[in-house]
Structure formats: structure tokens, C-alpha cells
file query_3.cif (mmCIF, C-alpha atoms)
data_data
#
loop_
_atom_site.label_atom_id
_atom_site.label_comp_id
_atom_site.auth_asym_id
_atom_site.auth_seq_id
_atom_site.Cartn_x
_atom_site.Cartn_y
_atom_site.Cartn_z
CA MET A 9 -33.99 34.38 16.38
CA VAL A 10 -33.85 30.72 15.46
CA LEU A 11 -31.41 31.49 12.62
CA ILE A 12 -29.02 33.36 14.91
CA SER A 13 -29.04 30.56 17.48
CA ARG A 14 -28.31 27.97 14.75
CA SER A 15 -25.35 29.89 13.38
CA PHE A 16 -24.11 30.39 16.93
CA THR A 17 -24.03 26.66 17.63
CA GLY A 18 -22.10 26.10 14.40
CA PHE A 19 -19.61 28.78 15.38
CA LEU A 20 -19.18 27.28 18.85
CA THR A 21 -18.47 23.79 17.51
CA GLN A 22 -15.90 25.27 15.13
CA LEU A 23 -14.24 27.13 17.99
CA SER A 24 -14.10 23.99 20.13
CA SER A 25 -12.44 22.05 17.33
CA LEU A 26 -9.82 24.78 16.78
CA THR A 27 -8.88 25.41 20.42
CA HIS A 28 -6.12 22.77 20.33
CA HIS A 29 -3.29 24.55 18.52
CA ASN A 30 -1.23 22.80 15.85
CA ALA A 31 -4.37 20.99 14.65
CA PHE A 32 -4.68 21.11 10.87
CA SER A 33 -7.86 20.98 8.87
CA VAL A 34 -9.10 17.50 8.05
CA SER A 35 -12.23 18.06 6.04
CA ALA A 36 -12.85 16.36 2.67
CA ALA A 37 -10.90 17.47 -0.42
CA ALA A 38 -12.57 20.29 -2.35
CA ALA A 39 -11.17 22.43 -5.18
CA ALA A 40 -7.57 22.64 -3.97
CA ILE A 41 -6.81 25.89 -2.09
CA GLN A 42 -9.04 28.94 -2.29
CA LYS A 43 -10.10 31.84 -0.09
CA MET A 44 -11.02 30.89 3.45
CA THR A 45 -9.29 27.49 3.39
CA ARG A 46 -7.52 26.66 6.59
CA VAL A 47 -3.98 25.56 5.90
CA ARG A 48 -1.19 23.87 7.76
CA VAL A 49 2.05 25.82 8.01
CA VAL A 50 4.82 23.34 7.54
CA ASP A 51 8.05 25.16 8.32
CA ASN A 52 9.57 26.08 11.67
CA SER A 53 8.88 29.81 11.51
CA PRO A 54 7.70 31.39 14.77
CA GLN A 55 4.55 32.72 13.10
CA GLY A 56 3.62 29.27 11.91
CA THR A 57 4.33 27.30 15.07
CA THR A 58 3.03 29.50 17.90
CA PRO A 59 -0.54 28.72 18.89
CA TRP A 60 -3.42 31.02 18.05
CA HIS A 61 -7.13 30.70 18.58
CA ARG A 62 -7.78 30.68 14.82
CA ALA A 63 -6.11 28.47 12.25
CA PRO A 64 -4.13 30.25 9.51
CA ARG A 65 -6.53 30.97 6.67
CA VAL A 66 -6.08 31.88 3.01
CA ILE A 67 -7.44 35.33 2.17
CA HIS A 68 -6.12 35.72 -1.36
CA VAL A 69 -4.78 33.40 -4.05
CA TYR A 70 -2.35 34.92 -6.55
CA THR A 71 -3.62 33.14 -9.66
CA LYS A 72 -5.92 34.13 -12.51
CA ASN A 73 -8.70 31.97 -11.12
CA GLY A 74 -8.96 31.91 -7.37
CA VAL A 75 -7.76 28.30 -7.10
CA GLY A 76 -4.35 27.55 -5.71
CA LYS A 77 -2.39 24.41 -6.55
CA VAL A 78 1.14 23.36 -5.62
CA GLY A 79 3.58 26.15 -6.40
CA ASP A 80 1.08 28.99 -6.19
CA ARG A 81 1.46 31.97 -3.89
CA VAL A 82 -1.25 32.81 -1.40
CA LEU A 83 -1.90 35.45 1.22
CA LEU A 84 -2.60 34.10 4.69
CA ALA A 85 -4.28 35.68 7.68
CA ILE A 86 -2.07 34.38 10.47
CA LYS A 87 -1.93 35.51 14.10
CA GLY A 88 -3.92 38.63 13.36
CA GLY A 89 -1.67 39.70 10.50
CA LYS A 90 -1.13 39.06 6.80
CA LYS A 91 1.65 36.93 5.38
CA LYS A 92 2.48 35.49 1.99
CA ALA A 93 2.96 31.77 1.61
CA LEU A 94 3.69 29.10 -0.97
CA ILE A 95 1.49 26.02 -1.39
CA VAL A 96 3.54 22.85 -1.14
CA GLY A 97 0.86 20.19 -1.13
CA HIS A 98 -2.89 19.84 -1.11
CA LYS A 99 -5.49 17.18 -0.41
CA MET A 100 -7.03 17.38 -3.85
CA PRO A 101 -5.64 14.81 -6.30
CA GLY A 102 -3.82 16.69 -9.06
CA GLU A 103 -1.52 15.32 -11.74
CA ARG A 104 -1.32 11.55 -11.72
CA MET A 105 2.39 11.40 -11.10
CA ASN A 106 2.40 14.00 -8.31
CA PRO A 107 1.80 12.91 -4.74
CA ARG A 108 -1.39 13.73 -2.90
CA PHE A 109 -0.97 14.94 0.66
CA ASP A 110 -3.17 14.38 3.66
CA SER A 111 -3.39 18.09 4.48
CA ASN A 112 -3.08 21.44 2.70
CA ASN A 113 0.55 22.33 3.39
CA VAL A 114 1.95 25.80 3.07
CA VAL A 115 5.37 27.42 3.67
CA LEU A 116 5.57 31.03 4.87
CA ILE A 117 7.42 33.29 2.51
CA GLU A 118 8.65 36.89 2.23
CA ASP A 119 7.70 39.17 -0.65
CA ASN A 120 10.93 38.36 -2.48
CA GLY A 121 10.37 34.61 -2.23
CA ASN A 122 12.70 33.85 0.67
CA PRO A 123 11.31 31.47 3.28
CA THR A 124 10.57 32.81 6.75
CA GLY A 125 11.52 29.61 8.54
CA THR A 126 14.82 27.78 8.52
CA ARG A 127 13.78 24.17 8.09
CA ILE A 128 11.03 22.21 6.39
CA LYS A 129 10.67 18.73 7.82
CA VAL A 130 7.59 17.70 5.84
CA PRO A 131 8.26 16.07 2.44
CA LEU A 132 7.85 18.37 -0.56
CA PRO A 133 6.81 17.24 -4.04
CA THR A 134 9.70 16.95 -6.49
CA HIS A 135 7.91 18.85 -9.23
CA LEU A 136 8.48 22.00 -7.14
CA ARG A 137 12.10 21.69 -8.20
CA LYS A 138 11.36 23.25 -11.57
CA MET A 139 10.90 26.63 -9.85
CA GLU A 140 14.59 26.57 -9.11
CA GLY A 141 15.13 30.25 -9.78
CA GLU A 142 12.42 31.83 -7.74
CA TYR A 143 12.24 29.55 -4.70
CA SER A 144 15.75 28.10 -4.63
CA LYS A 145 16.23 29.08 -0.99
CA LEU A 146 13.01 27.37 -0.04
CA LEU A 147 14.03 24.18 -1.82
CA ALA A 148 17.40 24.38 -0.11
CA ILE A 149 15.89 24.24 3.37
CA ALA A 150 13.66 21.30 2.51
CA SER A 151 14.88 18.08 4.12
CA ARG A 152 12.97 15.57 2.02
CA PHE A 153 11.46 15.37 -1.46
CA VAL A 154 8.80 12.89 -2.39
CA MET B 623 15.05 5.02 -11.31
CA ARG B 624 13.60 2.36 -9.10
CA ILE B 625 10.73 -0.08 -9.43
CA GLU B 626 8.74 0.47 -6.25
CA LYS B 627 6.35 -1.90 -4.52
CA CYS B 628 2.65 -1.20 -4.32
CA TYR B 629 1.69 -0.78 -0.67
CA PHE B 630 -1.48 -2.78 -1.05
CA CYS B 631 -0.85 -5.64 -3.43
CA SER B 632 2.98 -5.68 -3.31
CA GLY B 633 3.09 -5.60 -7.10
CA PRO B 634 5.76 -3.66 -9.02
CA VAL B 635 5.11 0.01 -9.73
CA TYR B 636 7.03 0.93 -12.87
CA PRO B 637 7.95 4.55 -13.64
CA GLY B 638 5.01 6.36 -15.15
CA HIS B 639 2.45 4.18 -13.42
CA GLY B 640 0.39 4.44 -10.29
CA THR B 641 -0.16 7.14 -7.70
CA MET B 642 1.39 8.18 -4.43
CA PHE B 643 -0.15 9.39 -1.19
CA VAL B 644 1.78 11.16 1.56
CA ARG B 645 0.32 10.88 5.02
CA ASN B 646 0.81 13.53 7.68
CA ASP B 647 3.36 11.40 9.52
CA CYS B 648 5.45 11.69 6.30
CA LYS B 649 4.93 8.05 5.36
CA THR B 650 4.51 7.63 1.61
CA PHE B 651 2.22 5.02 0.11
CA ARG B 652 2.58 3.98 -3.50
CA PHE B 653 -0.17 2.24 -5.40
CA CYS B 654 0.16 0.40 -8.68
CA LYS B 655 -3.43 0.98 -9.80
CA SER B 656 -6.63 2.61 -8.67
CA LYS B 657 -7.97 -0.74 -7.42
CA CYS B 658 -5.31 -0.75 -4.70
CA LEU B 659 -5.87 2.95 -3.97
CA LYS B 660 -9.62 2.48 -3.60
CA ASN B 661 -9.15 -0.44 -1.24
CA PHE B 662 -6.68 1.60 0.79
CA LYS B 663 -9.15 4.46 1.05
CA LYS B 664 -11.77 1.98 2.23
CA LYS B 665 -9.32 1.23 5.05
CA ARG B 666 -9.02 -2.41 4.09
CA ASN B 667 -6.17 -4.32 5.62
CA PRO B 668 -3.96 -5.79 2.86
CA ARG B 669 -3.06 -8.67 5.18
CA LYS B 670 -6.70 -9.70 5.16
CA THR B 671 -7.53 -9.06 1.51
CA ARG B 672 -7.18 -12.44 -0.08
CA TRP B 673 -5.76 -11.49 -3.46
CA THR B 674 -2.78 -9.54 -2.16
CA LYS B 675 0.72 -10.90 -1.72
CA ALA B 676 0.68 -9.64 1.87
CA PHE B 677 -2.19 -12.02 2.66
CA ARG B 678 -0.53 -14.94 0.91
CA LYS B 679 2.68 -14.49 2.81
CA ALA B 680 0.94 -13.86 6.13
CA SER B 681 -1.17 -17.02 5.79
CA GLY B 682 1.72 -19.23 4.71
CA LYS B 683 0.55 -19.81 1.15
CA GLU B 684 3.84 -18.62 -0.29
CA LEU B 685 7.52 -18.83 0.44
CA THR B 686 8.48 -16.31 3.13
CA VAL B 687 11.87 -17.23 4.58
CA ASP B 688 14.52 -18.00 2.01
CA ASN B 689 18.03 -16.92 1.10
CA SER B 690 17.01 -15.97 -2.40
CA LEU B 691 14.54 -13.44 -1.00
CA GLU B 692 17.27 -11.65 0.95
CA PHE B 693 18.58 -10.15 -2.27
CA GLU B 694 15.44 -8.09 -2.70
CA LYS B 695 15.83 -6.27 0.56
CA ARG B 696 16.57 -2.58 0.32
CA ARG B 697 20.06 -1.51 1.29
CA ASN B 698 20.54 2.05 2.45
CA ILE B 699 24.29 2.10 1.81
CA ALA B 700 25.49 3.74 -1.39
CA VAL B 701 27.89 1.59 -3.39
CA LYS B 702 30.67 3.15 -5.44
CA TYR B 703 30.27 2.46 -9.11
CA LYS B 704 32.48 -0.26 -10.59
CA ARG B 705 31.85 -1.66 -14.02
CA GLU B 706 32.69 -5.29 -13.22
CA LEU B 707 30.53 -5.15 -10.11
CA TRP B 708 27.70 -3.75 -12.17
CA SER B 709 27.83 -6.41 -14.91
CA LYS B 710 28.34 -9.21 -12.38
CA THR B 711 25.35 -7.98 -10.41
CA VAL B 712 23.18 -8.14 -13.51
CA GLU B 713 24.23 -11.76 -14.15
CA ALA B 714 23.70 -12.65 -10.52
CA MET B 715 20.27 -11.05 -10.60
CA MET B 716 19.19 -13.29 -13.45
CA LYS B 717 20.45 -16.41 -11.71
CA VAL B 718 18.88 -15.48 -8.39
CA GLU B 719 15.59 -14.79 -10.11
CA GLY B 720 15.59 -18.25 -11.68
CA ILE B 721 16.41 -19.94 -8.38
CA LYS B 722 13.80 -17.93 -6.55
CA ARG B 723 11.09 -18.89 -9.00
CA LYS B 724 11.95 -22.55 -8.74
CA ARG B 725 11.91 -22.44 -4.96
CA GLN B 726 8.62 -20.62 -4.84
CA ALA B 727 7.05 -23.10 -7.25
CA GLN B 728 8.41 -26.02 -5.22
CA PHE B 729 6.99 -24.55 -2.03
CA ILE B 730 3.55 -24.33 -3.56
CA LEU B 731 3.82 -27.84 -5.00
CA ASN B 732 4.72 -29.22 -1.57
CA ARG B 733 1.80 -27.40 -0.05
CA LEU B 734 -0.61 -28.88 -2.55
CA LYS B 735 0.72 -32.44 -2.16
CA LYS B 736 -1.31 -32.94 0.97
CA GLY B 737 -4.39 -32.06 -0.99
CA LYS B 738 -3.57 -34.71 -3.55
CA GLN B 739 -3.27 -37.37 -0.87
CA LEU B 740 -6.56 -36.41 0.66
CA GLN B 741 -8.17 -36.36 -2.76
CA LYS B 742 -6.94 -39.87 -3.51
CA ALA B 743 -8.24 -41.24 -0.22
CA GLU B 744 -11.55 -39.56 -0.84
CA ASP B 745 -11.78 -41.02 -4.33
CA ILE B 746 -11.10 -44.53 -3.04
CA SER B 747 -13.76 -44.24 -0.36
CA GLU B 748 -16.21 -42.88 -2.90
CA VAL B 749 -15.62 -45.80 -5.24
CA LYS B 750 -16.09 -48.25 -2.42
CA LYS B 751 -19.32 -46.61 -1.36
CA ASN B 752 -20.76 -46.51 -4.84
CA ILE B 753 -19.38 -49.80 -6.14
CA HIS B 754 -22.94 -50.85 -6.90
CA LEU B 755 -22.94 -48.38 -9.82
CA ILE B 756 -20.04 -50.23 -11.42
CA LYS B 757 -20.63 -53.84 -10.50
CA ALA B 758 -23.94 -55.47 -9.54
CA PRO B 759 -23.94 -56.45 -5.84
CA HIS B 760 -24.76 -60.05 -6.59
CA ALA B 761 -22.50 -60.33 -9.64
CA ASP B 762 -19.89 -62.51 -7.94
CA LYS B 763 -22.34 -64.43 -5.78
CA ALA B 764 -22.36 -67.58 -7.88
CA LYS B 765 -18.59 -67.69 -8.07
CA VAL B 766 -18.23 -67.17 -4.33
CA MET B 767 -20.76 -69.96 -3.62
CA GLU B 768 -18.86 -72.28 -5.91
CA GLU B 769 -15.58 -71.55 -4.15
CA LYS B 770 -17.22 -72.16 -0.76
CA MET B 771 -18.60 -75.48 -1.93
CA VAL B 772 -15.22 -76.52 -3.27
CA GLN B 773 -13.62 -75.59 0.04
CA LYS B 774 -16.25 -77.57 1.98
CA LEU B 775 -15.78 -80.62 -0.18
CA GLN B 776 -12.04 -80.44 0.38
CA GLU B 777 -12.57 -80.23 4.13
CA ASP B 778 -14.94 -83.24 3.97
CA VAL B 779 -12.36 -85.18 2.03
CA GLU B 780 -9.71 -84.35 4.63
CA MET B 781 -12.08 -85.35 7.44
CA GLY B 782 -12.90 -88.51 5.63
CA ASP B 783 -9.19 -89.30 5.29
CA ASN B 784 -8.62 -88.79 8.97
#
call {"tool": "encode", "arguments": {"input": "query_3.cif", "output": "C-alpha cells"}}
result
Amino acid sequence: MVLISRSFTGFLTQLSSLTHHNAFSVSAAAAAIQKMTRVRVVDNSPQGTTPWHRAPRVIHVYTKNGVGKVGDRVLLAIKGGKKKALIVGHKMPGERMNPRFDSNNVVLIEDNGNPTGTRIKVPLPTHLRKMEGEYSKLLAIASRFV
Amino acid sequence: MRIEKCYFCSGPVYPGHGTMFVRNDCKTFRFCKSKCLKNFKKKRNPRKTRWTKAFRKASGKELTVDNSLEFEKRRNIAVKYKRELWSKTVEAMMKVEGIKRKRQAQFILNRLKKGKQLQKAEDISEVKKNIHLIKAPHADKAKVMEEKMVQKLQEDVEMGDN
């Protein structure tokens, strides 16, 4: 009984912190992006910007190990549905010459690699440019590189 | 290619050095070394950290307003390439750098002059206070007595004349 009540209080505090929509996760940096990480959708797609009682969460990372870095595809659970996304920045420090971001940023994507939104206001890392072929449309809608 | 400025210490960040952090308001912070990064993460204010250039300029220890420093300011207007302009700019850069260094050095010299004056005054007062270490306090006594006696005799002679 005590266990249930303890987990309940944890759940409630989590709910209260997520009730303001457009709030992105601000916990300490862990091992980049993996399953169950809450991410911040950074484009202007309707799925990413409309409020929901749960933050968009990663449910699958399309890499050999389950860790997602910048440029990796992930599957998100967003607004009660599934959607693919591309990681464009994470809190974990990576390569020395690549920037570290203050939140785990993600851009919603279709299965063929086309972005769902029409504009990305948040700065993207320049080393994403090397995936010119696959995500050229995504890079085209980016307004700033960093 | 551009040599950036470290956000914390205002030192140059050459290509291939340092790290960058992008905050959620899209402001980028460059750091020249991990020392600056660590201090930034500790939320230290560069204007209060004594070894940074920001502190030195904010507390008036270094030259802040000068024409030669205007050249460093970033211009956001693209300039069409012209070879003569390019080579002339390089020459001008070298000259401006020399002038700037001289002016900065002069500023610091002027600032430290006051210290030299104070030091001199202090030294003089110290010597006066501790003159007994150099010369015995009664060393000149005999001489002074002699001079007094001579003066008295002279006065007596004058009195006697009158």
C-alpha cells in the first residue's frame, strides 16, 4: 500500500510539471536520446505545437544501439499517435567541435524524410549539412545554422 | 573563417579550439577552454571574475573608449570583394594593431603613475620615521651646539657694539 502511494505522488508531481504545454524537459544530461526521453519538437508543425497533457516521448531509436545522437531517426509518441522524427540537438556533450544544446531538439519527419512543418526557427548544427541527400528539404527550411 | 571571442574571458577562439553552447533562446556561447566553460556552468558572472577582460574593462583597469577599438566592432554589412581594398585593409590592420597596443600600454602606465607617487611619499615618510636606524639621534648634537654657541657669541658681539 505504501509503495502504491509513493509511486502515485511521483506521478502526480510529474503531471503537475507537464500541465503547462510547450514546456520542454530540463533534467540533467544523460546518454543522449533513448527510449522514454521527452523531447522538444522544434518546427512549426501542428502536431508539435498544439498542447497535449503529455510531452512528446521517444518510443524507438533507429540505431544499432538504442542511443540517438544528432542526425538519428526516432519514433515519437505524440498526441496519442506515432510519428517519426529527426534529432537535431541534444543536451549531452558530443564531439568537441559540435555545439551542445540546452534541450533535446527534434524535428518531425515523414517516412520519406520530408519535414512535416514548414519552418525551423531554432538553430541547427552545421554538421547536419553532410546529410544533404536524405534531409535536404529539412535543411532547406532551417533558418539558422550554428 | 572567423576568430571568435570567448564569452567568458573575451580571449580569441581560433578554429579547431573551444566549445560552443546553444541556449534555448537561440543565443550561442563560445568558450576558448574548459576553464571558461566550467565557470560559466557555475553561473559565475564574467564581469565579477577578476581575471577576465570583461572585469578589467568594467572596473576601468583597461582602455575602453578609443577610436582604435572601433575597428574591432562587428559589421553586419557584406562588402564586395576588391583586391586593393583587401590588401589595404591588411596593412591598415597591422598599423591599427600597433597603435592600439601603444594606447593600451599608455593607459595602464598612466593608471599606475598615481601608485608611484604614493609609493614615493610613503618611502619618504618611512625614512623620516626610521632615521634612527641610519643616523644616531645624537650624532649631530655637538655640531648643532657649536653652531648655537657661535651664533650667540655673534649676537653678544653685536650687542656689545651697540
call {"tool": "resolve_selection", "arguments": {"input": "query_3.cif", "expression": "the PyMOL selection byres ((chain A) within 7 of (chain B))", "output": "MDAnalysis selection string"}}
result
chainID A and resid 104:105 107:111 130:131
call {"tool": "atom_distance", "arguments": {"input": "query_3.cif", "atom1": "CA of Lys627 in chain B", "atom2": "CA of Ile699 in chain B"}}
result
19.4 Å
call {"tool": "atom_distance", "arguments": {"input": "query_3.cif", "atom1": "CA of Gln42 in chain A", "atom2": "CA of Val75 in chain A"}}
result
5.0 Å
call {"tool": "residues_near_point", "arguments": {"input": "query_3.cif", "point": "(-0.4, 22.8, 7.4)", "cutoff": "8 Å", "atoms": "all atoms listed in the file", "output": "list in words"}}
result
Phe32, Ser33, Val47, Arg48, Val49, Val50, Ser111, Asn112, Asn113 and Val114 of chain A
call {"tool": "residues_around", "arguments": {"input": "query_3.cif", "residues": "Cys631 in chain B", "least_positions_apart": "3", "cutoff": "10 Å", "atoms": "all atoms listed in the file", "output": "PyMOL selection string"}}
result
chain B and resi 627-628+634+653-655+657-659+668-669+671-677
call {"tool": "atom_distance", "arguments": {"input": "query_3.cif", "atom1": "CA of Gly88 in chain A", "atom2": "CA of Arg46 in chain A"}}
result
14.2 Å
call {"tool": "decode", "arguments": {"input": "query_3.cif", "residues": "range 49-71 of chain A", "atoms": "C-alpha atoms", "output": "mmCIF file, in the first residue's frame"}}
result
data_model
loop_
_atom_site.group_PDB
_atom_site.id
_atom_site.type_symbol
_atom_site.label_atom_id
_atom_site.label_comp_id
_atom_site.auth_asym_id
_atom_site.auth_seq_id
_atom_site.Cartn_x
_atom_site.Cartn_y
_atom_site.Cartn_z
ATOM 1 C CA VAL A 49 9.661 19.499 -31.124
ATOM 2 C CA VAL A 50 11.319 22.416 -32.793
ATOM 3 C CA ASP A 51 9.442 23.019 -36.037
ATOM 4 C CA ASN A 52 6.088 24.689 -36.636
ATOM 5 C CA SER A 53 4.117 21.546 -37.432
ATOM 6 C CA PRO A 54 0.613 21.404 -35.927
ATOM 7 C CA GLN A 55 1.391 18.109 -34.189
ATOM 8 C CA GLY A 56 4.405 19.615 -32.498
ATOM 9 C CA THR A 57 2.922 22.923 -31.407
ATOM 10 C CA THR A 58 -0.576 22.063 -30.162
ATOM 11 C CA PRO A 59 -0.728 21.398 -26.434
ATOM 12 C CA TRP A 60 -1.199 17.924 -25.011
ATOM 13 C CA HIS A 61 -1.237 16.638 -21.485
ATOM 14 C CA ARG A 62 1.882 14.517 -22.105
ATOM 15 C CA ALA A 63 5.151 15.702 -23.583
ATOM 16 C CA PRO A 64 6.252 14.017 -26.836
ATOM 17 C CA ARG A 65 8.291 10.968 -25.904
ATOM 18 C CA VAL A 66 10.717 8.753 -27.796
ATOM 19 C CA ILE A 67 9.495 5.163 -28.124
ATOM 20 C CA HIS A 68 12.070 3.804 -30.552
ATOM 21 C CA VAL A 69 15.520 4.846 -31.735
ATOM 22 C CA TYR A 70 16.545 3.685 -35.216
ATOM 23 C CA THR A 71 20.180 2.879 -34.453
#
